[in-house]
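A.B. asks: Sharing data_8.cif, mmCIF, C-alpha atoms and all ligand atoms:
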```
data_structure
loop_
_atom_site.label_atom_id
_atom_site.label_comp_id
_atom_site.auth_asym_id
_atom_site.auth_seq_id
_atom_site.Cartn_x
_atom_site.Cartn_y
_atom_site.Cartn_z
CA MET A 707 14.95 4.24 -16.45
CA LEU A 708 15.38 7.67 -14.89
CA ALA A 709 15.39 9.70 -18.08
CA LYS A 710 12.94 12.59 -17.85
CA LYS A 711 12.03 11.61 -14.28
CA THR A 712 12.02 14.32 -11.66
CA VAL A 713 13.68 13.16 -8.47
CA ILE A 714 13.34 15.44 -5.45
CA LEU A 715 16.38 14.78 -3.29
CA GLY A 716 15.81 15.93 0.28
CA ILE A 717 18.92 16.32 2.41
CA THR A 718 18.75 16.74 6.17
CA GLY A 719 21.29 17.54 8.88
CA SER A 720 23.37 14.43 9.37
CA ILE A 721 27.10 13.98 8.88
CA ALA A 722 26.13 11.55 6.10
CA ALA A 723 24.81 14.56 4.13
CA TYR A 724 28.07 14.62 2.16
CA LYS A 725 27.07 11.27 0.64
CA ALA A 726 24.04 12.95 -0.92
CA THR A 727 26.42 14.57 -3.40
CA ASP A 728 27.25 11.11 -4.71
CA ILE A 729 23.54 10.19 -4.92
CA ALA A 730 22.78 13.42 -6.80
CA SER A 731 25.68 12.89 -9.18
CA LYS A 732 24.69 9.31 -10.02
CA LEU A 733 21.04 10.30 -10.52
CA VAL A 734 22.10 13.03 -12.94
CA GLN A 735 24.28 10.54 -14.80
CA ASP A 736 21.26 8.26 -15.07
CA GLY A 737 19.33 11.01 -16.83
CA ALA A 738 17.15 12.18 -13.94
CA GLU A 739 16.12 15.76 -13.39
CA VAL A 740 17.31 16.22 -9.80
CA ARG A 741 15.87 18.96 -7.62
CA VAL A 742 17.57 19.26 -4.26
CA VAL A 743 15.79 20.48 -1.16
CA MET A 744 18.01 21.02 1.86
CA THR A 745 17.03 21.72 5.44
CA ARG A 746 18.81 24.48 7.32
CA SER A 747 20.88 21.96 9.28
CA ALA A 748 21.88 20.13 6.10
CA ALA A 749 23.34 23.38 4.79
CA ARG A 750 25.66 23.39 7.80
CA PHE A 751 27.16 20.07 6.71
CA ILE A 752 27.44 20.65 2.97
CA MET A 753 27.37 23.67 0.71
CA PRO A 754 24.20 24.17 -1.33
CA LEU A 755 26.56 25.36 -4.09
CA THR A 756 27.99 21.82 -4.34
CA LEU A 757 24.56 20.35 -5.09
CA ASN A 758 23.75 23.30 -7.32
CA SER A 759 26.82 22.54 -9.39
CA ILE A 760 26.16 18.80 -9.57
CA THR A 761 22.52 19.12 -10.58
CA GLY A 762 22.68 22.31 -12.61
CA ARG A 763 19.60 23.44 -10.75
CA PRO A 764 19.00 25.87 -7.89
CA VAL A 765 18.90 24.25 -4.47
CA GLU A 766 15.74 24.95 -2.52
CA SER A 767 16.04 25.55 1.18
CA SER A 768 13.76 28.40 2.09
CA MET A 769 10.10 29.03 1.45
CA TRP A 770 10.64 32.76 1.83
CA ASN A 771 13.25 33.45 -0.78
CA MET A 772 11.02 35.51 -3.07
CA SER A 773 13.85 37.63 -4.40
CA SER A 774 15.48 34.80 -6.30
CA GLU A 775 14.52 34.48 -9.96
CA PHE A 776 14.33 30.72 -9.32
CA SER A 777 11.99 31.02 -6.34
CA ILE A 778 9.14 28.53 -6.47
CA GLY A 779 5.88 27.99 -4.61
CA HIS A 780 5.98 25.84 -1.51
CA VAL A 781 4.21 22.91 -3.18
CA THR A 782 5.53 23.23 -6.73
CA LEU A 783 8.16 20.55 -6.23
CA ALA A 784 5.54 18.25 -4.69
CA GLU A 785 3.55 18.47 -7.90
CA VAL A 786 6.40 17.87 -10.35
CA ALA A 787 7.97 15.01 -8.37
CA ASP A 788 8.03 11.49 -9.78
CA VAL A 789 9.71 10.36 -6.57
CA VAL A 790 10.91 12.03 -3.38
CA VAL A 791 14.04 10.65 -1.71
CA ILE A 792 15.29 11.88 1.63
CA ALA A 793 18.88 10.81 2.13
CA PRO A 794 20.07 11.13 4.78
CA ALA A 795 16.86 11.28 6.83
CA THR A 796 17.46 12.27 10.47
CA ALA A 797 15.35 11.24 13.47
CA ASN A 798 14.05 14.81 13.43
CA ILE A 799 12.68 14.78 9.88
CA ILE A 800 11.19 11.31 10.49
CA ALA A 801 9.38 12.62 13.57
CA LYS A 802 8.15 15.69 11.71
CA LEU A 803 6.84 13.68 8.79
CA ALA A 804 5.16 11.19 11.13
CA THR A 805 3.17 14.00 12.72
CA GLY A 806 2.51 16.01 9.56
CA VAL A 807 4.61 19.05 10.46
CA ALA A 808 5.09 21.35 7.46
CA ASP A 809 7.42 24.13 8.57
CA ASP A 810 9.99 24.20 5.81
CA MET A 811 10.36 23.47 2.11
CA LEU A 812 11.14 19.77 2.55
CA THR A 813 8.30 18.95 4.95
CA CYS A 814 5.82 20.92 2.80
CA THR A 815 6.98 19.05 -0.30
CA VAL A 816 6.56 15.64 1.36
CA LEU A 817 3.19 16.49 2.86
CA ALA A 818 1.82 17.73 -0.45
CA THR A 819 3.19 15.16 -2.87
CA MET A 820 1.37 12.18 -4.36
CA ALA A 821 4.69 10.68 -5.54
CA PRO A 822 6.27 7.70 -3.77
CA ILE A 823 8.57 8.70 -0.91
CA ILE A 824 11.80 6.94 0.00
CA LEU A 825 13.57 7.53 3.31
CA ALA A 826 17.18 6.57 3.95
CA PRO A 827 17.59 7.10 7.71
CA ALA A 828 20.99 7.94 9.17
CA MET A 829 21.59 8.71 12.83
CA ASN A 830 23.17 7.61 16.09
CA ASP A 831 22.21 4.02 16.91
CA ASN A 832 20.42 4.91 20.16
CA MET A 833 18.41 7.54 18.36
CA PHE A 834 17.48 4.99 15.70
CA LEU A 835 16.56 2.29 18.19
CA ASN A 836 14.63 4.69 20.41
CA PRO A 837 11.01 3.43 20.46
CA ILE A 838 9.80 6.88 19.45
CA THR A 839 11.84 6.82 16.24
CA GLN A 840 10.80 3.22 15.61
CA LYS A 841 7.15 4.11 16.11
CA ASN A 842 7.45 7.09 13.78
CA LEU A 843 9.09 4.94 11.11
CA ALA A 844 6.44 2.24 11.47
CA LYS A 845 3.74 4.88 11.09
CA LEU A 846 5.33 6.24 7.93
CA LYS A 847 5.82 2.75 6.48
CA ALA A 848 2.18 2.00 7.14
CA ARG A 849 1.38 5.13 5.11
CA GLY A 850 3.35 3.71 2.18
CA PHE A 851 6.77 5.34 2.74
CA ILE A 852 9.61 3.13 1.57
CA THR A 853 12.69 2.90 3.77
CA VAL A 854 16.21 1.88 2.81
CA GLY A 855 18.60 1.02 5.62
CA PRO A 856 20.06 2.19 7.91
CA GLY A 857 23.04 -0.16 7.80
CA TYR A 858 25.14 -1.60 10.59
CA GLY A 859 28.73 -0.43 10.97
CA ARG A 860 30.92 2.39 12.16
CA LEU A 861 28.98 5.50 13.11
CA ALA A 862 30.15 9.12 13.28
CA SER A 863 30.62 8.76 17.05
CA GLY A 864 33.10 5.96 16.47
CA LYS A 865 30.69 3.41 17.89
CA ILE A 866 29.65 0.34 15.94
CA GLY A 867 25.90 0.08 15.56
CA THR A 868 22.85 0.44 13.36
CA GLY A 869 22.39 3.92 11.99
CA ARG A 870 24.69 4.27 8.98
CA LEU A 871 23.19 5.66 5.81
CA ALA A 872 22.49 2.76 3.43
CA GLU A 873 25.03 2.28 0.65
CA VAL A 874 24.50 4.80 -2.14
CA ASP A 875 23.94 2.01 -4.69
CA LYS A 876 21.23 0.53 -2.49
CA ILE A 877 19.46 3.88 -2.35
CA LEU A 878 19.73 4.21 -6.14
CA ASP A 879 18.34 0.69 -6.54
CA ALA A 880 15.34 1.60 -4.40
CA ILE A 881 14.69 4.70 -6.53
CA LYS A 882 14.94 2.68 -9.74
CA GLN A 883 12.69 -0.01 -8.36
CA VAL A 884 10.03 2.53 -7.50
CA MET A 885 10.39 4.26 -10.87
CA GLY A 886 10.24 0.93 -12.63
CA GLN A 887 6.78 0.34 -11.25
CA LYS A 888 4.30 0.07 -14.01
CA SER A 889 1.78 2.83 -14.39
CA ASP A 890 -0.64 0.69 -16.37
CA LEU A 891 -3.55 1.46 -14.06
CA ASN A 892 -3.29 5.23 -14.51
CA GLY A 893 -6.73 6.78 -14.70
CA ARG A 894 -8.47 3.57 -13.57
CA HIS A 895 -10.62 3.24 -10.47
CA ILE A 896 -10.22 -0.09 -8.70
CA VAL A 897 -12.42 -1.16 -5.80
CA VAL A 898 -10.92 -3.77 -3.48
CA THR A 899 -12.49 -5.49 -0.47
CA ALA A 900 -10.51 -7.04 2.38
CA GLY A 901 -10.94 -8.98 5.62
CA GLY A 902 -13.60 -11.23 7.04
CA THR A 903 -17.02 -9.76 7.81
CA HIS A 904 -18.39 -9.81 11.37
CA GLU A 905 -22.01 -10.85 11.73
CA PRO A 906 -23.29 -9.82 15.17
CA ILE A 907 -25.18 -12.21 17.40
CA ASP A 908 -25.60 -9.82 20.32
CA PRO A 909 -23.69 -6.68 21.46
CA VAL A 910 -20.78 -8.87 22.56
CA ARG A 911 -20.50 -11.73 20.06
CA TYR A 912 -20.26 -12.15 16.36
CA ILE A 913 -19.68 -14.83 13.73
CA SER A 914 -16.58 -14.32 11.61
CA ASN A 915 -13.75 -16.15 9.87
CA ARG A 916 -9.96 -16.24 9.85
CA SER A 917 -9.38 -13.78 7.01
CA SER A 918 -6.71 -11.20 7.99
CA GLY A 919 -7.25 -8.77 5.14
CA LYS A 920 -3.60 -9.01 4.04
CA MET A 921 -4.38 -10.15 0.48
CA GLY A 922 -6.85 -7.29 -0.08
CA TYR A 923 -4.40 -4.73 1.32
CA ALA A 924 -1.65 -6.09 -0.95
CA ILE A 925 -3.91 -5.68 -3.98
CA ALA A 926 -4.95 -2.17 -2.95
CA GLU A 927 -1.33 -1.09 -2.45
CA ALA A 928 -0.13 -2.69 -5.69
CA ALA A 929 -2.98 -1.04 -7.63
CA ARG A 930 -2.11 2.33 -6.10
CA TYR A 931 1.54 1.92 -7.10
CA ARG A 932 0.41 1.14 -10.64
CA GLY A 933 -1.38 4.46 -10.80
CA ALA A 934 -4.97 3.51 -9.97
CA GLN A 935 -7.40 5.44 -7.86
CA VAL A 936 -8.10 2.84 -5.19
CA SER A 937 -11.08 2.41 -2.87
CA LEU A 938 -10.49 -0.19 -0.18
CA ILE A 939 -13.51 -1.47 1.72
CA THR A 940 -12.27 -3.48 4.63
CA THR A 941 -13.29 -4.96 7.96
CA THR A 942 -9.74 -4.75 9.35
CA ILE A 943 -7.49 -1.70 9.49
CA LEU A 944 -3.98 -3.10 9.02
CA ALA A 945 -2.40 0.15 7.87
CA GLU A 946 -3.37 3.39 6.21
CA PRO A 947 -1.44 3.32 2.97
CA ALA A 948 -0.93 6.73 1.36
CA GLY A 949 -3.32 7.65 -1.41
CA ILE A 950 -5.86 4.88 -0.77
CA ASP A 951 -9.43 5.72 0.11
CA ILE A 952 -10.35 3.38 2.98
CA THR A 953 -13.83 2.67 4.32
CA GLN A 954 -14.20 0.38 7.30
CA VAL A 955 -17.28 -1.85 7.45
CA GLU A 956 -18.34 -4.66 9.71
CA THR A 957 -21.03 -6.84 8.18
CA ALA A 958 -21.75 -8.36 4.77
CA LEU A 959 -24.76 -6.08 4.43
CA GLU A 960 -22.68 -2.98 5.17
CA MET A 961 -20.01 -4.12 2.75
CA LYS A 962 -22.63 -4.59 0.05
CA THR A 963 -24.05 -1.09 0.58
CA VAL A 964 -20.62 0.57 0.40
CA VAL A 965 -19.43 -1.53 -2.55
CA ALA A 966 -22.62 -0.74 -4.50
CA GLN A 967 -22.05 2.97 -3.91
CA VAL A 968 -18.31 3.11 -4.59
CA VAL A 969 -18.23 0.76 -7.58
CA LYS A 970 -20.56 2.93 -9.69
CA ASP A 971 -17.74 4.56 -11.64
CA ALA A 972 -15.19 1.79 -11.13
CA ASP A 973 -13.28 -0.18 -13.73
CA ALA A 974 -12.89 -3.29 -11.57
CA LEU A 975 -14.17 -4.85 -8.38
CA ILE A 976 -11.74 -7.22 -6.69
CA MET A 977 -13.48 -9.07 -3.88
CA ALA A 978 -10.64 -10.40 -1.73
CA ALA A 979 -12.83 -10.15 1.39
CA ALA A 980 -14.09 -13.31 3.04
CA VAL A 981 -17.74 -12.36 3.21
CA ALA A 982 -19.84 -14.45 5.58
CA ASP A 983 -22.30 -16.61 3.69
CA TYR A 984 -24.72 -16.67 6.63
CA ARG A 985 -25.62 -14.26 9.40
CA PRO A 986 -27.79 -14.62 12.53
CA LYS A 987 -31.40 -14.06 11.55
CA SER A 988 -31.97 -11.80 14.53
CA PHE A 989 -29.75 -9.61 16.64
CA ALA A 990 -30.27 -9.83 20.42
CA LYS A 991 -30.16 -6.28 21.79
CA ALA A 992 -28.98 -7.53 25.19
CA LYS A 993 -26.17 -10.02 25.82
CA ILE A 994 -27.51 -13.57 25.56
CA LYS A 995 -27.30 -15.30 28.98
CA LYS A 996 -26.04 -18.86 29.35
CA GLU A 997 -29.22 -20.21 30.84
CA SER A 998 -29.77 -23.46 28.99
CA SER A 999 -27.32 -26.25 28.13
CA SER A 1000 -27.55 -25.56 24.43
CA LEU A 1001 -28.32 -22.63 22.21
CA THR A 1002 -29.59 -22.69 18.66
CA LEU A 1003 -28.93 -19.78 16.37
CA GLU A 1004 -30.93 -19.45 13.22
CA LEU A 1005 -28.75 -18.28 10.35
CA ILE A 1006 -29.88 -16.80 7.07
CA ARG A 1007 -28.00 -16.20 3.83
CA THR A 1008 -26.22 -12.92 3.29
CA PRO A 1009 -26.51 -11.29 -0.14
CA ASP A 1010 -23.83 -12.35 -2.60
CA ILE A 1011 -22.10 -9.04 -3.27
CA LEU A 1012 -20.29 -10.14 -6.42
CA THR A 1013 -23.49 -11.39 -7.99
CA GLU A 1014 -25.89 -8.75 -6.80
CA VAL A 1015 -23.97 -5.52 -7.35
CA LYS A 1016 -24.59 -4.69 -10.99
CA GLY A 1017 -22.48 -2.56 -13.30
CA ASN A 1018 -20.08 -2.60 -16.18
CA PHE A 1019 -16.83 -3.39 -14.36
CA ILE A 1020 -14.39 -6.28 -14.33
CA ARG A 1021 -15.33 -8.74 -11.58
CA VAL A 1022 -12.64 -10.66 -9.74
CA GLY A 1023 -13.54 -13.15 -7.03
CA PHE A 1024 -11.51 -15.23 -4.62
CA ALA A 1025 -12.22 -18.80 -3.66
CA ALA A 1026 -10.78 -20.14 -0.43
CA GLU A 1027 -11.19 -23.89 -0.52
CA THR A 1028 -10.22 -26.89 1.54
CA GLU A 1029 -10.94 -29.51 -1.16
CA ASP A 1030 -11.54 -29.85 -4.92
CA LEU A 1031 -9.95 -26.44 -5.39
CA LEU A 1032 -10.13 -26.24 -9.17
CA ALA A 1033 -13.63 -27.66 -9.58
CA ASN A 1034 -15.12 -25.51 -6.82
CA ALA A 1035 -13.45 -22.37 -8.14
CA GLN A 1036 -14.62 -23.05 -11.69
CA LYS A 1037 -18.16 -23.51 -10.40
CA LYS A 1038 -18.03 -20.16 -8.57
CA LEU A 1039 -16.56 -18.40 -11.61
CA LYS A 1040 -19.58 -19.52 -13.62
CA GLU A 1041 -22.26 -19.02 -10.98
CA LYS A 1042 -21.07 -15.52 -10.07
CA GLN A 1043 -20.34 -14.65 -13.73
CA LEU A 1044 -16.82 -13.49 -12.93
CA ASP A 1045 -14.07 -12.44 -15.31
CA LEU A 1046 -11.43 -14.01 -13.09
CA ILE A 1047 -11.30 -16.13 -9.98
CA VAL A 1048 -8.29 -16.56 -7.73
CA ALA A 1049 -8.43 -19.88 -5.90
CA ASN A 1050 -6.32 -20.80 -2.92
CA ASN A 1051 -6.05 -23.92 -0.87
CA ILE A 1052 -6.29 -22.71 2.71
CA THR A 1053 -5.18 -26.03 4.21
CA ASP A 1054 -1.64 -25.21 3.09
CA LYS A 1055 0.31 -23.54 5.96
CA GLU A 1056 2.13 -21.04 3.75
CA SER A 1057 -0.96 -20.10 1.85
CA GLY A 1058 -4.15 -18.32 2.75
CA PHE A 1059 -5.25 -16.79 6.03
CA GLY A 1060 -2.96 -14.62 8.12
CA VAL A 1061 0.37 -15.37 6.41
CA ASN A 1062 2.28 -13.10 4.01
CA THR A 1063 2.51 -15.66 1.22
CA ASN A 1064 -0.07 -17.28 -0.98
CA LYS A 1065 -0.23 -20.08 -3.53
CA VAL A 1066 -3.06 -19.56 -5.94
CA ILE A 1067 -4.57 -20.74 -9.20
CA MET A 1068 -6.05 -18.05 -11.46
CA ILE A 1069 -8.93 -19.11 -13.68
CA SER A 1070 -10.31 -16.82 -16.39
CA ARG A 1071 -13.79 -16.72 -17.84
CA ASN A 1072 -12.41 -18.26 -21.07
CA GLY A 1073 -11.24 -21.28 -19.08
CA ARG A 1074 -7.54 -20.41 -18.98
CA VAL A 1075 -5.98 -21.88 -15.82
CA LYS A 1076 -2.72 -20.53 -14.39
CA ASP A 1077 -1.19 -22.34 -11.44
CA LEU A 1078 1.21 -19.93 -9.71
CA PRO A 1079 4.07 -20.97 -7.41
CA LEU A 1080 4.23 -19.86 -3.75
CA LEU A 1081 4.59 -16.05 -3.87
CA THR A 1082 4.30 -13.14 -1.47
CA LYS A 1083 0.82 -11.66 -1.33
CA ARG A 1084 2.20 -8.53 -3.00
CA GLU A 1085 3.52 -10.65 -5.89
CA VAL A 1086 0.17 -12.43 -6.19
CA ALA A 1087 -1.50 -8.99 -6.17
CA ASP A 1088 0.60 -7.90 -9.15
CA LYS A 1089 -0.21 -11.12 -11.05
CA VAL A 1090 -3.92 -10.54 -10.47
CA LEU A 1091 -3.57 -6.91 -11.56
CA ASP A 1092 -1.67 -7.96 -14.71
CA ARG A 1093 -4.80 -9.92 -15.64
CA VAL A 1094 -7.11 -7.04 -14.75
CA VAL A 1095 -5.03 -4.70 -16.94
CA GLY A 1096 -5.23 -7.22 -19.79
CA LEU A 1097 -9.01 -7.46 -19.44
CA LEU A 1098 -9.44 -3.69 -19.26
CA ASN A 1099 -7.25 -3.13 -22.31
CA LYS A 1100 -9.19 -5.73 -24.26
CA ARG A 1101 -12.41 -3.89 -23.43
CA SER A 1102 -11.27 -0.50 -24.58
O1 LIG B 1 -19.13 -18.34 -2.44
P1 LIG B 1 -17.85 -17.95 -1.80
O2 LIG B 1 -18.05 -17.21 -0.52
O3 LIG B 1 -16.86 -19.03 -1.64
O4 LIG B 1 -17.20 -16.98 -2.87
C1 LIG B 1 -16.06 -16.26 -2.64
C2 LIG B 1 -16.05 -14.99 -3.44
O5 LIG B 1 -17.33 -14.37 -3.44
C3 LIG B 1 -15.13 -13.98 -2.81
O6 LIG B 1 -14.58 -13.18 -3.82
C4 LIG B 1 -16.06 -13.21 -1.89
O7 LIG B 1 -15.56 -11.92 -1.62
C5 LIG B 1 -17.34 -13.17 -2.71
N1 LIG B 1 -18.55 -13.14 -1.89
C6 LIG B 1 -19.47 -12.12 -2.04
N2 LIG B 1 -20.60 -12.08 -1.26
C7 LIG B 1 -20.85 -13.06 -0.38
C8 LIG B 1 -19.95 -14.14 -0.24
C9 LIG B 1 -18.80 -14.13 -1.00
O8 LIG B 1 -19.23 -11.23 -2.87
N3 LIG B 1 -21.95 -13.01 0.33
#
```
Let me see whether you can do it: turn the structure in this file into structure tokens.
C.D. replies:
Amino acid sequence: MLAKKTVILGITGSIAAYKATDIASKLVQDGAEVRVVMTRSAARFIMPLTLNSITGRPVESSMWNMSSEFSIGHVTLAEVADVVVIAPATANIIAKLATGVADDMLTCTVLATMAPIILAPAMNDNMFLNPITQKNLAKLKARGFITVGPGYGRLASGKIGTGRLAEVDKILDAIKQVMGQKSDLNGRHIVVTAGGTHEPIDPVRYISNRSSGKMGYAIAEAARYRGAQVSLITTTILAEPAGIDITQVETALEMKTVVAQVVKDADALIMAAAVADYRPKSFAKAKIKKESSSLTLELIRTPDILTEVKGNFIRVGFAAETEDLLANAQKKLKEKQLDLIVANNITDKESGFGVNTNKVIMISRNGRVKDLPLLTKREVADKVLDRVVGLLNKRS
């Protein structure tokens, strides 16, 4: 799996740095091209020569070493990387990456790369549990960084706690998992919508629905991992995954305008958003006062984005239903002239709005019906994308 893959192994200044020699050795044995980047503090814990000998490659540590015949530009490694792994990752490097500092070879490489990034934190337990470190890690995870560990056990200080570098095999598994990701959407542009639209009544109130946007985000992230250029048009900002072009919108009309613009050169439009079917006919510029015992709002239809936005792309719709799931979804597939519809029964607690799992039925234009078991939204996303890939390949 790792043959011909370039793994950038970043090592930072933790006592666990010696374990990076084992990671490097196993990666080399698995056929990977391993390029080690060490921080100055890491070089105080282990000898660059050790890693040099294991990998058969020069170890990068300085951006200013122009005299070496091996010297490389400060973003060269970022460009050749298939994956970047930082093991061990100290609280310091995590903080630097979370704020975008680029003051050495490793931080420059991470900031400039488009490859997936894996962090294996290792530090004192109080440093790990410190809310600042936790916040930095959460920020990085939201940007698409993958973390492995830390584990619980004996720390360098002799204390028992959480902060140990994850087991080497676990780190290798994470690398292999990331490398095993399909790249079947390379060169494709996928447009995904997410969240429920807000249809304003007055400056204070709006009509909306319970959609969280999680399904759309899962599709956008999965498509990105499979190599696609992804445009996510969403009403909710759940995270800012790395490499995804996000546009925030509020209403169905705004979503339609952005989708129509972005989808022009797209290969597929996946409408996971719960677009309001109706919106208030008029918008009250001032807050509506509660003067009478009842209030009637006149609602008018919103445009159907899937039907109205024209172009030569694969169209995937979602159908959230409370009854007659299959029949209603089949009707929508036909009416909206979709290539695929993903139907889910939102009365099920583990499926649909707000939760991380979903149970869906996929129905294709040719009538093929696939009833999937309860899966995580990320797994559902990959199943949907498998179908999109199949449809795109059939076309070309
Ligand atoms: O008709 P219904 O709203 O149930 O259809 C759901 C599918 O149609 C979803 O994929 C949704 O994103 C899309 N839709 C749309 N424009 C609307 C309403 C729904 O594209 N105005």
A.B. asks: Please return as a PyMOL selection string every residue within 8 Å of (-19.0, -10.6, -2.9), taking into account only C-alpha atoms and the file's own coordinates.
C.D. replies: chain A and resi 962+977+979+981+1010-1013+1023
A.B. asks: Could the residues of chain A that have an atom at most 9 Å from ligand LIG 1 (chain B) be listed as a tab-separated table, each with its closest atom pair and the distance in Å to one decimal, counting only C-alpha atoms and all ligand atoms and ordered by chain and ascending residue number?
C.D. replies:
```
residue	atom	partner	partner_atom	distance
A:Thr899	CA	B:LIG1	O7	7.2
A:Ala900	CA	B:LIG1	O7	8.1
A:Gly902	CA	B:LIG1	O7	8.9
A:Ala958	CA	B:LIG1	N3	6.4
A:Leu959	CA	B:LIG1	N3	8.5
A:Met961	CA	B:LIG1	N2	8.9
A:Lys962	CA	B:LIG1	N2	7.9
A:Ile976	CA	B:LIG1	O6	7.2
A:Met977	CA	B:LIG1	O7	4.2
A:Ala978	CA	B:LIG1	O7	5.2
A:Ala979	CA	B:LIG1	O7	4.4
A:Ala980	CA	B:LIG1	O7	5.1
A:Val981	CA	B:LIG1	C8	4.5
A:Ala982	CA	B:LIG1	C8	5.8
A:Asp983	CA	B:LIG1	N3	4.9
A:Tyr984	CA	B:LIG1	N3	7.8
A:Arg1007	CA	B:LIG1	N3	7.7
A:Thr1008	CA	B:LIG1	N3	5.2
A:Pro1009	CA	B:LIG1	N3	4.9
A:Asp1010	CA	B:LIG1	N2	3.5
A:Ile1011	CA	B:LIG1	O8	3.6
A:Leu1012	CA	B:LIG1	O8	3.9
A:Thr1013	CA	B:LIG1	O8	6.7
A:Glu1014	CA	B:LIG1	O8	8.1
A:Val1015	CA	B:LIG1	O8	8.7
A:Arg1021	CA	B:LIG1	O6	9.0
A:Val1022	CA	B:LIG1	O6	6.7
A:Gly1023	CA	B:LIG1	O6	3.4
A:Phe1024	CA	B:LIG1	O6	3.8
A:Ala1025	CA	B:LIG1	C1	4.7
A:Ala1026	CA	B:LIG1	O3	6.3
A:Glu1027	CA	B:LIG1	O3	7.6
A:Asn1034	CA	B:LIG1	O3	8.5
A:Ala1035	CA	B:LIG1	O3	8.1
A:Lys1038	CA	B:LIG1	O1	6.5
A:Leu1039	CA	B:LIG1	C2	8.9
A:Lys1042	CA	B:LIG1	O5	7.7
A:Ile1047	CA	B:LIG1	O6	7.6
A:Val1048	CA	B:LIG1	O6	8.1
```
A.B. asks: Using all atoms listed in the file, find the one residue out of A:Ile994, A:Ile852, A:Val781, A:Arg763 that sits nearest to Pro909 (chain A).
C.D. replies: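 Nearest candidate to Pro909 (chain A) out of A:Ile994, A:Ile852, A:Val781, A:Arg763: A:Ile994.
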A.B. asks: Counting all atoms listed in the file, find residues at most 7 Å from (-16.6, 1.0, -9.5) (file frame) and give them as number ranges by chain.
C.D. replies: A: 895-897, 968-975, 1019
A.B. asks: Using only C-alpha atoms, determine which residues lie at most 8 Å from region 751-753 of chain A, disregarding the query and same-chain residues fewer than 4 positions distant; provide the list as a list in words.
C.D. replies: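 Final neighbour list, sorted by chain and number: Gly719, Ser720, Ile721, Ala723, Tyr724, Ser747 and Leu757 of chain A.
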A.B. asks: Write out as JSON, numbers by chain each polymer residue whose atoms come within 9 Å of Lys1083 (chain A), counting only C-alpha atoms; drop sequence neighbours fewer than 3 positions from it.
C.D. replies: {"A": [920, 921, 922, 924, 925, 1061, 1062, 1063, 1064, 1065, 1086, 1087, 1088]}
A.B. asks: What does the distance from CA of Leu825 (chain A) to CA of Leu783 (chain A) come to in Å, to one decimal?
C.D. replies: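 These atoms are spaced 17.0 Å apart.
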A.B. asks: Select, from A:Ile760, A:Met820, A:Ala826, A:Ile881, the residue with the minimum atom-to-atom distance to Arg930 (chain A), counting all atoms listed in the file.
C.D. replies: A:Met820
A.B. asks: Using only C-alpha atoms, which of the listed residues (A:Leu861, A:Ser759, A:Ile714, A:Asp810) sits closest to Ala784 (chain A)?
C.D. replies: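 So, comparing all the options, the nearest one is A:Ile714.
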A.B. asks: Just checking: using only C-alpha atoms, which residue out of A:Asp1054, A:Asp1030, A:Glu1004, A:Glu997 ends up closest to Ile907 (chain A)?
C.D. replies: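 With only C-alpha atoms as the atom set, the closest residue is A:Glu1004.
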A.B. asks: For Arg985 (chain A), work out the shell of residues within 6 Å, counting all atoms listed in the file and skipping chain neighbours fewer than 6 positions away, then give it as a CSV table (one decimal) with C-alpha atoms, in the coordinates of the input.
C.D. replies:
```
chain,number,residue,atom,x,y,z
A,905,GLU,CA,-22.0,-10.8,11.7
A,1005,LEU,CA,-28.8,-18.3,10.4
A,1006,ILE,CA,-29.9,-16.8,7.1
```
A.B. asks: With distances taken over only C-alpha atoms, which of A:Pro986, A:Gly893, A:Ile1069, A:Glu1029 is nearest to Ser914 (chain A)?
C.D. replies: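 Under the stated criterion, the closest residue is A:Pro986.
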A.B. asks: Edge lengths and centre, in Å to one decimal, as lines of an AutoDock Vina configuration file: that's what I need for the box along x, y and z that holds all listed atoms of region 798-812 of chain A plus 4 Å on each side.
C.D. replies:
```
center_x = 8.3
center_y = 17.7
center_z = 7.8
size_x = 19.5
size_y = 21.0
size_z = 19.5
```
A.B. asks: Identify which of the residues A:Ala990, A:Met885, A:Ile939, A:Ala1049 lies closest to Asp1077 (chain A), counting only C-alpha atoms when measuring atom-to-atom distances.
C.D. replies: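 Result for the nearest residue to Asp1077 (chain A): A:Ala1049.
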A.B. asks: What is the CA of Ile913 (chain A)-CA of Thr957 (chain A) distance in Å, reported with one decimal?
C.D. replies: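 Atom-to-atom, CA of Ile913 (chain A) and CA of Thr957 (chain A) are spaced 9.8 Å apart.
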